[in-house]
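Visitor: My structure is in protein_3.cif, and what it holds is mmCIF, C-alpha atoms:
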```
data_model
#
loop_
_atom_site.label_atom_id
_atom_site.label_comp_id
_atom_site.auth_asym_id
_atom_site.auth_seq_id
_atom_site.Cartn_x
_atom_site.Cartn_y
_atom_site.Cartn_z
CA MET A 1111 0.00 0.00 0.00
CA PRO A 1112 2.56 2.65 -1.10
CA LEU A 1113 2.10 6.38 -1.60
CA ASN A 1114 3.65 7.25 -4.96
CA VAL A 1115 5.20 10.65 -5.52
CA SER A 1116 6.35 12.20 -8.79
CA TYR A 1117 7.80 15.69 -9.23
CA GLU A 1118 9.25 17.52 -12.19
CA VAL A 1119 11.94 20.05 -11.37
CA ASP A 1120 11.29 23.22 -13.36
CA VAL A 1121 14.93 23.74 -14.25
CA TRP A 1122 14.42 25.90 -17.33
CA GLY A 1123 11.18 27.60 -16.29
CA ARG A 1124 8.91 25.78 -18.78
CA LEU A 1125 6.19 25.14 -16.19
CA ARG A 1126 6.52 28.69 -14.89
CA ARG A 1127 5.88 29.98 -18.40
CA GLY A 1128 2.74 27.89 -18.57
CA VAL A 1129 1.49 29.38 -15.31
CA GLN A 1130 2.23 32.89 -16.59
CA ALA A 1131 0.34 32.17 -19.80
CA ALA A 1132 -2.68 30.88 -17.89
CA ARG A 1133 -2.68 33.96 -15.64
CA ALA A 1134 -2.45 36.29 -18.65
CA GLU A 1135 -5.34 34.48 -20.35
CA SER A 1136 -7.41 34.88 -17.19
CA GLU A 1137 -6.70 38.60 -17.14
CA ALA A 1138 -7.61 38.79 -20.83
CA SER A 1139 -10.98 37.20 -20.04
CA GLU A 1140 -11.59 39.83 -17.35
CA ALA A 1141 -10.72 42.57 -19.84
CA GLU A 1142 -13.13 41.04 -22.35
CA LEU A 1143 -15.88 41.23 -19.73
CA ARG A 1144 -15.12 44.91 -19.16
CA THR A 1145 -15.20 45.46 -22.93
CA VAL A 1146 -18.73 44.08 -23.10
CA GLN A 1147 -19.78 46.15 -20.10
CA LEU A 1148 -18.34 49.33 -21.64
CA SER A 1149 -20.05 48.59 -24.94
CA LEU A 1150 -23.44 48.07 -23.29
CA THR A 1151 -23.02 51.22 -21.21
CA ALA A 1152 -22.07 53.30 -24.25
CA ASP A 1153 -24.99 51.89 -26.26
CA GLY A 1154 -27.38 52.71 -23.43
CA ALA A 1155 -26.02 56.27 -23.16
CA THR A 1156 -26.32 56.72 -26.93
CA TYR A 1157 -29.95 55.57 -26.91
CA TYR A 1158 -30.72 57.78 -23.90
CA PHE A 1159 -29.27 60.93 -25.42
CA GLY A 1160 -30.99 60.10 -28.69
CA ILE A 1161 -34.30 60.06 -26.82
CA ARG A 1162 -33.50 63.38 -25.14
CA GLY A 1163 -32.60 64.85 -28.51
CA LEU A 1164 -35.98 63.79 -29.87
CA ASP A 1165 -37.65 65.28 -26.79
CA ALA A 1166 -36.06 68.61 -27.64
CA GLU A 1167 -37.10 68.25 -31.26
CA LEU A 1168 -40.65 67.38 -30.20
CA ALA A 1169 -40.71 70.57 -28.10
CA VAL A 1170 -39.78 72.55 -31.22
CA LEU A 1171 -42.46 70.81 -33.25
CA ASP A 1172 -45.08 71.37 -30.54
CA SER A 1173 -44.41 75.10 -30.45
CA THR A 1174 -44.38 75.19 -34.25
CA LEU A 1175 -47.66 73.30 -34.35
CA LEU A 1176 -49.25 75.92 -32.11
CA ALA A 1177 -47.90 78.68 -34.33
CA ARG A 1178 -49.22 76.93 -37.45
CA ARG A 1179 -52.70 76.67 -35.93
CA GLN A 1180 -52.64 80.35 -35.06
CA SER A 1181 -51.46 81.14 -38.56
CA LEU A 1182 -54.31 79.07 -40.03
CA ALA A 1183 -56.82 80.89 -37.86
CA LEU A 1184 -55.40 84.23 -38.96
CA THR A 1185 -55.50 83.23 -42.62
CA ASN A 1186 -59.10 82.03 -42.32
CA ALA A 1187 -60.07 85.31 -40.71
CA ARG A 1188 -58.41 87.31 -43.48
CA PHE A 1189 -60.06 85.11 -46.11
CA THR A 1190 -63.48 85.57 -44.51
CA ALA A 1191 -62.94 89.32 -44.42
CA GLY A 1192 -61.99 89.26 -48.10
CA VAL A 1193 -58.47 90.46 -47.45
CA ASP A 1194 -56.76 87.23 -48.52
CA ASN A 1195 -57.54 84.43 -50.97
CA GLU A 1196 -58.25 80.71 -50.57
CA ILE A 1197 -54.77 79.74 -51.73
CA ALA A 1198 -53.28 81.18 -48.55
CA VAL A 1199 -55.74 79.13 -46.47
CA ARG A 1200 -54.80 75.93 -48.25
CA ARG A 1201 -51.09 76.69 -47.83
CA ALA A 1202 -51.65 77.23 -44.12
CA GLU A 1203 -53.46 73.88 -43.90
CA THR A 1204 -50.61 72.21 -45.78
CA GLU A 1205 -47.99 73.60 -43.44
CA LEU A 1206 -50.01 72.53 -40.41
CA ALA A 1207 -50.39 68.96 -41.72
CA THR A 1208 -46.67 68.80 -42.56
CA VAL A 1209 -45.72 69.72 -39.00
CA GLU A 1210 -48.16 67.14 -37.65
CA ALA A 1211 -46.58 64.46 -39.84
CA SER A 1212 -43.09 65.43 -38.61
CA LEU A 1213 -44.37 65.23 -35.05
CA PHE A 1214 -45.66 61.68 -35.56
CA GLU A 1215 -42.37 60.64 -37.18
CA ALA A 1216 -40.34 61.98 -34.24
CA GLN A 1217 -42.61 60.12 -31.83
CA ARG A 1218 -42.11 56.92 -33.82
CA GLN A 1219 -38.33 57.31 -33.66
CA ARG A 1220 -38.54 57.93 -29.92
CA LYS A 1221 -40.48 54.70 -29.44
CA GLY A 1222 -37.78 52.79 -31.30
CA LEU A 1223 -34.96 54.25 -29.21
CA GLU A 1224 -36.96 53.62 -26.05
CA ALA A 1225 -37.29 49.94 -27.01
CA ALA A 1226 -33.55 49.75 -27.73
CA LEU A 1227 -32.75 51.30 -24.34
CA ALA A 1228 -35.05 48.78 -22.66
CA THR A 1229 -33.15 45.94 -24.32
CA VAL A 1230 -29.69 47.03 -23.16
CA THR A 1231 -31.02 47.54 -19.62
CA GLY A 1232 -32.45 44.02 -19.55
CA GLN A 1233 -36.13 44.94 -19.65
CA THR A 1234 -38.96 44.24 -22.04
CA ALA A 1235 -39.92 47.07 -24.35
CA SER A 1236 -43.59 46.88 -23.38
CA ALA A 1237 -42.81 47.34 -19.69
CA PHE A 1238 -40.27 50.15 -20.12
CA THR A 1239 -41.08 53.83 -20.41
CA LEU A 1240 -38.97 56.96 -20.15
CA ALA A 1241 -40.81 60.13 -19.28
CA PRO A 1242 -40.25 63.03 -21.70
CA ARG A 1243 -37.98 65.82 -20.57
CA ARG A 1244 -38.03 69.09 -22.43
CA GLY A 1245 -34.89 70.59 -20.93
CA PRO A 1246 -31.77 71.92 -22.66
CA LEU A 1247 -29.21 69.52 -24.13
CA ASN A 1248 -25.94 70.46 -22.49
CA ALA A 1249 -22.84 68.49 -23.44
CA PRO A 1250 -19.94 68.25 -20.96
CA GLN A 1251 -16.74 70.21 -21.55
CA VAL A 1252 -14.31 68.08 -23.53
CA PRO A 1253 -10.56 68.82 -23.41
CA ALA A 1254 -8.94 70.00 -26.61
CA SER A 1255 -6.55 67.04 -26.51
CA VAL A 1256 -6.17 63.88 -24.47
CA PRO A 1257 -2.95 62.08 -23.51
CA ALA A 1258 -2.17 58.91 -25.42
CA ALA A 1259 -1.62 57.11 -22.10
CA LEU A 1260 -5.39 57.07 -21.63
CA LEU A 1261 -5.61 54.43 -24.33
CA THR A 1262 -4.03 51.94 -21.94
CA THR A 1263 -7.31 51.96 -20.02
CA ARG A 1264 -9.23 50.59 -22.99
CA PRO A 1265 -10.28 47.07 -22.03
CA ASP A 1266 -10.04 45.74 -25.59
CA LEU A 1267 -6.43 46.91 -25.83
CA LEU A 1268 -5.72 45.42 -22.42
CA GLN A 1269 -7.26 42.15 -23.59
CA ALA A 1270 -5.09 42.11 -26.72
CA GLU A 1271 -1.98 42.89 -24.67
CA ARG A 1272 -2.71 40.10 -22.19
CA LEU A 1273 -3.33 37.62 -25.01
CA LEU A 1274 -0.04 38.69 -26.56
CA ALA A 1275 1.71 38.08 -23.24
CA ALA A 1276 0.06 34.67 -23.00
CA THR A 1277 1.18 33.63 -26.49
CA ASP A 1278 4.69 34.88 -25.67
CA SER A 1279 4.79 32.64 -22.60
CA ARG A 1280 3.42 29.72 -24.64
CA LEU A 1281 6.18 30.32 -27.18
CA ASP A 1282 8.83 30.20 -24.46
CA ALA A 1283 7.28 27.03 -23.04
CA ALA A 1284 7.32 25.38 -26.48
CA ARG A 1285 10.98 26.31 -26.94
CA LEU A 1286 11.95 25.05 -23.47
CA ALA A 1287 10.08 21.79 -24.06
CA ARG A 1288 12.93 20.77 -26.38
CA LEU A 1289 15.39 20.84 -23.47
CA PRO A 1290 16.07 17.93 -21.05
CA THR A 1291 13.63 17.37 -18.17
CA LEU A 1292 14.62 16.46 -14.61
CA LEU A 1293 12.16 14.13 -12.85
CA LEU A 1294 12.09 13.05 -9.19
CA ASN A 1295 9.95 10.10 -8.11
CA GLY A 1296 9.54 7.68 -5.26
CA PHE A 1297 7.14 5.91 -2.95
CA ILE A 1298 6.66 5.37 0.75
CA GLY A 1299 4.39 3.09 2.81
CA PRO A 1300 3.87 -0.39 4.28
CA GLN A 1301 4.45 -3.43 2.11
CA ALA A 1302 3.89 -7.12 2.98
CA ALA A 1303 2.97 -10.40 1.34
CA ASP A 1304 0.32 -11.11 3.98
CA LEU A 1305 -2.36 -8.66 5.12
CA ARG A 1306 -1.83 -9.78 8.72
CA ASP A 1307 1.72 -8.45 8.58
CA LEU A 1308 0.69 -4.90 7.58
CA PRO A 1309 -0.01 -3.66 11.16
CA ARG A 1310 3.63 -4.28 12.00
CA ILE A 1311 4.81 -1.13 10.21
CA SER A 1312 8.28 -1.26 11.69
CA ASP A 1313 8.84 -4.59 9.99
CA ASN A 1314 7.10 -3.78 6.69
CA TYR A 1315 7.83 -0.08 6.15
CA THR A 1316 9.59 0.69 2.87
CA TYR A 1317 10.41 3.68 0.77
CA TYR A 1318 12.15 4.64 -2.43
CA LEU A 1319 13.54 7.91 -3.78
CA GLY A 1320 15.07 8.31 -7.19
CA GLY A 1321 15.16 10.45 -10.23
CA GLY A 1322 16.08 10.69 -13.87
CA ILE A 1323 16.66 12.96 -16.81
CA SER A 1324 14.45 12.83 -19.89
CA ILE A 1325 16.10 14.04 -23.08
CA PRO A 1326 13.90 14.46 -26.17
CA VAL A 1327 15.79 12.85 -29.01
CA PHE A 1328 13.47 10.96 -31.35
CA ASN A 1329 10.03 12.59 -31.59
CA GLY A 1330 9.56 12.97 -35.32
CA GLY A 1331 9.91 16.78 -35.19
CA ARG A 1332 6.82 17.16 -33.00
CA LEU A 1333 8.45 19.57 -30.52
CA ARG A 1334 9.96 21.64 -33.31
CA ALA A 1335 6.58 21.83 -35.03
CA ASN A 1336 4.92 22.87 -31.75
CA GLN A 1337 7.43 25.68 -31.40
CA GLN A 1338 6.76 26.84 -34.95
CA ILE A 1339 3.02 26.81 -34.29
CA ALA A 1340 3.53 28.84 -31.12
CA GLN A 1341 5.68 31.32 -33.06
CA ALA A 1342 3.00 31.71 -35.71
CA ARG A 1343 0.36 32.31 -33.04
CA TYR A 1344 2.56 34.92 -31.41
CA ASP A 1345 3.10 36.73 -34.72
CA ALA A 1346 -0.65 36.71 -35.41
CA GLN A 1347 -1.45 38.02 -31.95
CA ALA A 1348 1.19 40.75 -32.25
CA ALA A 1349 -0.37 41.86 -35.53
CA GLU A 1350 -3.80 41.83 -33.90
CA TYR A 1351 -2.53 43.99 -31.05
CA ARG A 1352 -0.97 46.52 -33.45
CA GLN A 1353 -4.19 46.64 -35.46
CA ARG A 1354 -6.29 47.25 -32.36
CA ALA A 1355 -3.94 50.01 -31.25
CA LEU A 1356 -4.23 51.75 -34.63
CA VAL A 1357 -8.02 51.45 -34.54
CA ALA A 1358 -8.05 52.87 -31.01
CA PHE A 1359 -6.03 55.93 -32.08
CA LYS A 1360 -8.30 56.42 -35.08
CA GLU A 1361 -11.47 56.20 -32.98
CA VAL A 1362 -10.16 58.71 -30.42
CA GLU A 1363 -9.04 61.20 -33.07
CA THR A 1364 -12.32 60.87 -34.99
CA ALA A 1365 -14.50 61.26 -31.90
CA LEU A 1366 -12.48 64.23 -30.64
CA ALA A 1367 -12.71 65.95 -34.02
CA ASP A 1368 -16.46 65.27 -34.17
CA VAL A 1369 -17.00 66.85 -30.75
CA GLN A 1370 -14.92 69.93 -31.55
CA GLN A 1371 -16.38 70.49 -35.02
CA THR A 1372 -19.92 69.97 -33.75
CA ALA A 1373 -19.39 72.71 -31.17
CA ALA A 1374 -18.42 75.13 -33.94
CA GLN A 1375 -21.34 73.96 -36.07
CA LEU A 1376 -23.73 74.48 -33.16
CA ALA A 1377 -22.58 78.08 -32.69
CA ALA A 1378 -23.20 78.81 -36.37
CA GLN A 1379 -26.63 77.19 -36.27
CA GLN A 1380 -27.58 79.25 -33.23
CA ARG A 1381 -26.77 82.43 -35.17
CA ALA A 1382 -28.80 81.16 -38.10
CA LEU A 1383 -31.78 80.36 -35.85
CA THR A 1384 -31.69 83.82 -34.25
CA ALA A 1385 -31.66 85.49 -37.65
CA ALA A 1386 -34.42 83.22 -38.98
CA ARG A 1387 -36.70 83.97 -36.05
CA GLN A 1388 -36.19 87.69 -36.47
CA ALA A 1389 -36.89 87.44 -40.20
CA GLY A 1390 -40.03 85.41 -39.48
CA ARG A 1391 -41.37 88.01 -37.07
CA LEU A 1392 -40.73 90.80 -39.55
CA THR A 1393 -42.37 88.88 -42.41
CA LEU A 1394 -45.46 88.09 -40.32
CA GLU A 1395 -45.79 91.73 -39.33
CA ARG A 1396 -45.57 92.78 -42.97
CA TYR A 1397 -48.22 90.17 -43.83
CA ARG A 1398 -50.58 91.52 -41.19
CA ARG A 1399 -50.16 95.01 -42.62
CA GLY A 1400 -50.77 93.76 -46.13
CA LEU A 1401 -47.23 94.45 -47.30
CA ALA A 1402 -46.36 90.79 -47.97
CA ASP A 1403 -48.25 87.74 -49.18
CA TYR A 1404 -48.67 84.51 -47.24
CA PHE A 1405 -46.11 82.66 -49.37
CA GLN A 1406 -43.37 84.79 -47.84
CA VAL A 1407 -44.67 83.94 -44.37
CA VAL A 1408 -44.62 80.23 -45.22
CA ASP A 1409 -41.05 80.39 -46.46
CA ALA A 1410 -39.90 82.29 -43.38
CA ASP A 1411 -41.64 79.86 -41.02
CA ARG A 1412 -40.21 76.86 -42.83
CA ILE A 1413 -36.69 78.28 -42.62
CA THR A 1414 -37.14 78.96 -38.90
CA LEU A 1415 -38.43 75.44 -38.25
CA ASN A 1416 -35.58 73.82 -40.17
CA ALA A 1417 -33.01 75.94 -38.32
CA ALA A 1418 -34.51 75.03 -34.94
CA ARG A 1419 -34.64 71.32 -35.73
CA GLN A 1420 -31.09 71.32 -37.06
CA ARG A 1421 -29.88 73.00 -33.89
CA VAL A 1422 -31.42 70.41 -31.53
CA GLN A 1423 -30.28 67.59 -33.81
CA THR A 1424 -26.73 68.94 -33.68
CA GLN A 1425 -26.96 69.15 -29.90
CA ALA A 1426 -28.02 65.49 -29.79
CA ASN A 1427 -25.17 64.58 -32.14
CA GLN A 1428 -22.72 66.41 -29.88
CA LEU A 1429 -23.84 64.27 -26.94
CA ARG A 1430 -23.56 61.13 -29.08
CA TYR A 1431 -20.04 62.05 -30.19
CA THR A 1432 -19.10 62.68 -26.54
CA VAL A 1433 -20.26 59.17 -25.69
CA GLN A 1434 -18.17 57.82 -28.56
CA LEU A 1435 -15.14 59.69 -27.22
CA VAL A 1436 -15.62 58.28 -23.74
CA ARG A 1437 -16.02 54.82 -25.23
CA ALA A 1438 -12.88 55.22 -27.36
CA LEU A 1439 -10.89 56.24 -24.29
CA GLY A 1440 -12.03 53.24 -22.30
CA GLY A 1441 -14.60 54.96 -20.08
CA ASN A 1442 -13.19 58.39 -19.16
CA TRP A 1443 -10.88 61.14 -20.34
CA GLU A 1444 -9.49 62.06 -16.92
#
```
Kindly present the structure from the file in structure tokens form.
Guide:
Amino acid sequence: MPLNVSYEVDVWGRLRRGVQAARAESEASEAELRTVQLSLTADGATYYFGIRGLDAELAVLDSTLLARRQSLALTNARFTAGVDNEIAVRRAETELATVEASLFEAQRQRKGLEAALATVTGQTASAFTLAPRRGPLNAPQVPASVPAALLTTRPDLLQAERLLAATDSRLDAARLARLPTLLLNGFIGPQAADLRDLPRISDNYTYYLGGGISIPVFNGGRLRANQQIAQARYDAQAAEYRQRALVAFKEVETALADVQQTAAQLAAQQRALTAARQAGRLTLERYRRGLADYFQVVDADRITLNAARQRVQTQANQLRYTVQLVRALGGNWE
């Protein structure tokens, strides 16, 4: 009834390399989990800000709808009084119906984003609702530039780096497997030809301790082929890591440029909206005094509505680009 013991002395560090590879692969799995979490969080933020952008656009359409109804009432009154013709009434009805259609379309888009947000939060679309909020869309202040060291916090880059470290350790292990191996073995315990003699341990106790060296000589090139395979895997993983790093730099630069250019675009659109509103008020006043026809009022109102919608859409895009920047940096820019 012996207790057998076998131990391989890690002379060259082959087993240690295997442990290092397994640890690096475990860390890569953790980084992959964080990558999925970051992706879900960024998707949820994108859907949320998309909904808030549509809320702001719906507020614009609601106010425009009220103005169109007032304009239709004014046109009807002028037509009844014989000051205006029926064409102006029909144009006012057309503009009112167009705004109503745009309102329904924005509500449809909001429902779709609300369902998408419910999915990423683990809820059913039918049981999830997000109350409208008609507040301003304020994007956070983004630095003009970000240090490249922030890219090291990206979980996908960390995953690629850990996988590269694992393949490097596997490559070392495959190379060291071609070297001699030192083995220690032995046994210890009672040994007897008759079971009745086993209790007398002092008479039947035996042990053995020995060792040997295993030298790989004839293996048909298997170890050399394993090393070549490990080298090829390392080269592939190194290329994958370089590619991910280049993509990361591209995503950061693109998102940062989008945020900065959108801020400049938003300032220009605000000036355009201010001028359009002023022109609309002047045109309506001229129409009431009989100095302009209703077609000029329609054109001015349409320009004002387009400028207002473009401004809130740009604000929503600015928030979306900010989310993309945070995602490209691995979760934060600080």
Visitor: Please compute the atom CA of A:Tyr1344-atom CA of A:Leu1293 distance, one decimal, in Å.
Guide: 29.5 Å
Visitor: Excluding A:Gly1320 and any residue of its chain fewer than 6 positions from it, enumerate the residues within 7 Å of it, using all atoms listed in the file, and give them as a PyMOL selection string.
Guide: chain A and resi 1294-1296
Visitor: Tell me which residues the PyMOL selection byres ((chain A and resi 1164) around 9) grabs here, as a ChimeraX atom specification.
Guide: /A:1159-1163,1165-1169,1216-1217,1219-1220,1422-1423,1426
Visitor: Starting from the displayed file, determine the output of the PyMOL selection byres ((chain A and resi 1366) around 12) and express the residue list as a ChimeraX atom specification.
Guide: /A:1251-1256,1359-1365,1367-1373,1428-1439,1443
Visitor: If you keep C-alpha atoms, can you produce a file of those selected residues as a short mmCIF file (atom, residue, chain, number, x, y, z; two decimals), in the coordinates of the input?
Guide:
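As a result, out-v1.cif now contains:
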```cif
data_model
loop_
_atom_site.label_atom_id
_atom_site.label_comp_id
_atom_site.auth_asym_id
_atom_site.auth_seq_id
_atom_site.Cartn_x
_atom_site.Cartn_y
_atom_site.Cartn_z
CA GLN A 1251 -16.74 70.21 -21.55
CA VAL A 1252 -14.31 68.08 -23.53
CA PRO A 1253 -10.56 68.82 -23.41
CA ALA A 1254 -8.94 70.00 -26.61
CA SER A 1255 -6.55 67.04 -26.51
CA VAL A 1256 -6.17 63.88 -24.47
CA PHE A 1359 -6.03 55.93 -32.08
CA LYS A 1360 -8.30 56.42 -35.08
CA GLU A 1361 -11.47 56.20 -32.98
CA VAL A 1362 -10.16 58.71 -30.42
CA GLU A 1363 -9.04 61.20 -33.07
CA THR A 1364 -12.32 60.87 -34.99
CA ALA A 1365 -14.50 61.26 -31.90
CA ALA A 1367 -12.71 65.95 -34.02
CA ASP A 1368 -16.46 65.27 -34.17
CA VAL A 1369 -17.00 66.85 -30.75
CA GLN A 1370 -14.92 69.93 -31.55
CA GLN A 1371 -16.38 70.49 -35.02
CA THR A 1372 -19.92 69.97 -33.75
CA ALA A 1373 -19.39 72.71 -31.17
CA GLN A 1428 -22.72 66.41 -29.88
CA LEU A 1429 -23.84 64.27 -26.94
CA ARG A 1430 -23.56 61.13 -29.08
CA TYR A 1431 -20.04 62.05 -30.19
CA THR A 1432 -19.10 62.68 -26.54
CA VAL A 1433 -20.26 59.17 -25.69
CA GLN A 1434 -18.17 57.82 -28.56
CA LEU A 1435 -15.14 59.69 -27.22
CA VAL A 1436 -15.62 58.28 -23.74
CA ARG A 1437 -16.02 54.82 -25.23
CA ALA A 1438 -12.88 55.22 -27.36
CA LEU A 1439 -10.89 56.24 -24.29
CA TRP A 1443 -10.88 61.14 -20.34
#
```
Visitor: Would you compute the distance between atom CA of A:Ser1212 and atom CA of A:Asp1172? Give it in Å to one decimal.
Guide: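 Interatomic distance, atom CA of A:Ser1212 to atom CA of A:Asp1172: 10.2 Å.
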Visitor: With N, CA, C and O atoms as the target, complete stretch 1138-1149 of chain A and hand it back as an mmCIF file, keeping the file's coordinate frame.
Guide:
```
data_model
loop_
_atom_site.group_PDB
_atom_site.id
_atom_site.type_symbol
_atom_site.label_atom_id
_atom_site.label_comp_id
_atom_site.auth_asym_id
_atom_site.auth_seq_id
_atom_site.Cartn_x
_atom_site.Cartn_y
_atom_site.Cartn_z
ATOM 1 N N ALA A 1138 -7.006 38.415 -19.555
ATOM 2 C CA ALA A 1138 -7.610 38.790 -20.830
ATOM 3 C C ALA A 1138 -9.119 38.538 -20.802
ATOM 4 O O ALA A 1138 -9.902 39.320 -21.362
ATOM 5 N N SER A 1139 -9.549 37.470 -20.157
ATOM 6 C CA SER A 1139 -10.980 37.200 -20.040
ATOM 7 C C SER A 1139 -11.677 38.279 -19.210
ATOM 8 O O SER A 1139 -12.794 38.706 -19.527
ATOM 9 N N GLU A 1140 -11.023 38.740 -18.144
ATOM 10 C CA GLU A 1140 -11.590 39.830 -17.350
ATOM 11 C C GLU A 1140 -11.690 41.108 -18.181
ATOM 12 O O GLU A 1140 -12.683 41.846 -18.095
ATOM 13 N N ALA A 1141 -10.686 41.384 -18.987
ATOM 14 C CA ALA A 1141 -10.720 42.570 -19.840
ATOM 15 C C ALA A 1141 -11.828 42.452 -20.897
ATOM 16 O O ALA A 1141 -12.476 43.444 -21.243
ATOM 17 N N GLU A 1142 -12.050 41.240 -21.385
ATOM 18 C CA GLU A 1142 -13.130 41.040 -22.350
ATOM 19 C C GLU A 1142 -14.484 41.336 -21.715
ATOM 20 O O GLU A 1142 -15.377 41.915 -22.351
ATOM 21 N N LEU A 1143 -14.641 40.921 -20.452
ATOM 22 C CA LEU A 1143 -15.880 41.230 -19.730
ATOM 23 C C LEU A 1143 -16.075 42.725 -19.610
ATOM 24 O O LEU A 1143 -17.174 43.251 -19.835
ATOM 25 N N ARG A 1144 -15.015 43.463 -19.273
ATOM 26 C CA ARG A 1144 -15.120 44.910 -19.160
ATOM 27 C C ARG A 1144 -15.405 45.557 -20.519
ATOM 28 O O ARG A 1144 -16.071 46.599 -20.596
ATOM 29 N N THR A 1145 -14.900 44.949 -21.587
ATOM 30 C CA THR A 1145 -15.200 45.460 -22.930
ATOM 31 C C THR A 1145 -16.687 45.376 -23.225
ATOM 32 O O THR A 1145 -17.295 46.327 -23.743
ATOM 33 N N VAL A 1146 -17.287 44.251 -22.886
ATOM 34 C CA VAL A 1146 -18.730 44.080 -23.100
ATOM 35 C C VAL A 1146 -19.515 45.057 -22.234
ATOM 36 O O VAL A 1146 -20.494 45.674 -22.692
ATOM 37 N N GLN A 1147 -19.095 45.221 -20.987
ATOM 38 C CA GLN A 1147 -19.780 46.150 -20.100
ATOM 39 C C GLN A 1147 -19.690 47.585 -20.618
ATOM 40 O O GLN A 1147 -20.680 48.334 -20.594
ATOM 41 N N LEU A 1148 -18.506 47.979 -21.090
ATOM 42 C CA LEU A 1148 -18.340 49.330 -21.640
ATOM 43 C C LEU A 1148 -19.193 49.518 -22.884
ATOM 44 O O LEU A 1148 -19.801 50.578 -23.081
ATOM 45 N N SER A 1149 -19.251 48.491 -23.719
ATOM 46 C CA SER A 1149 -20.050 48.590 -24.940
ATOM 47 C C SER A 1149 -21.538 48.750 -24.617
ATOM 48 O O SER A 1149 -22.225 49.592 -25.211
#
```
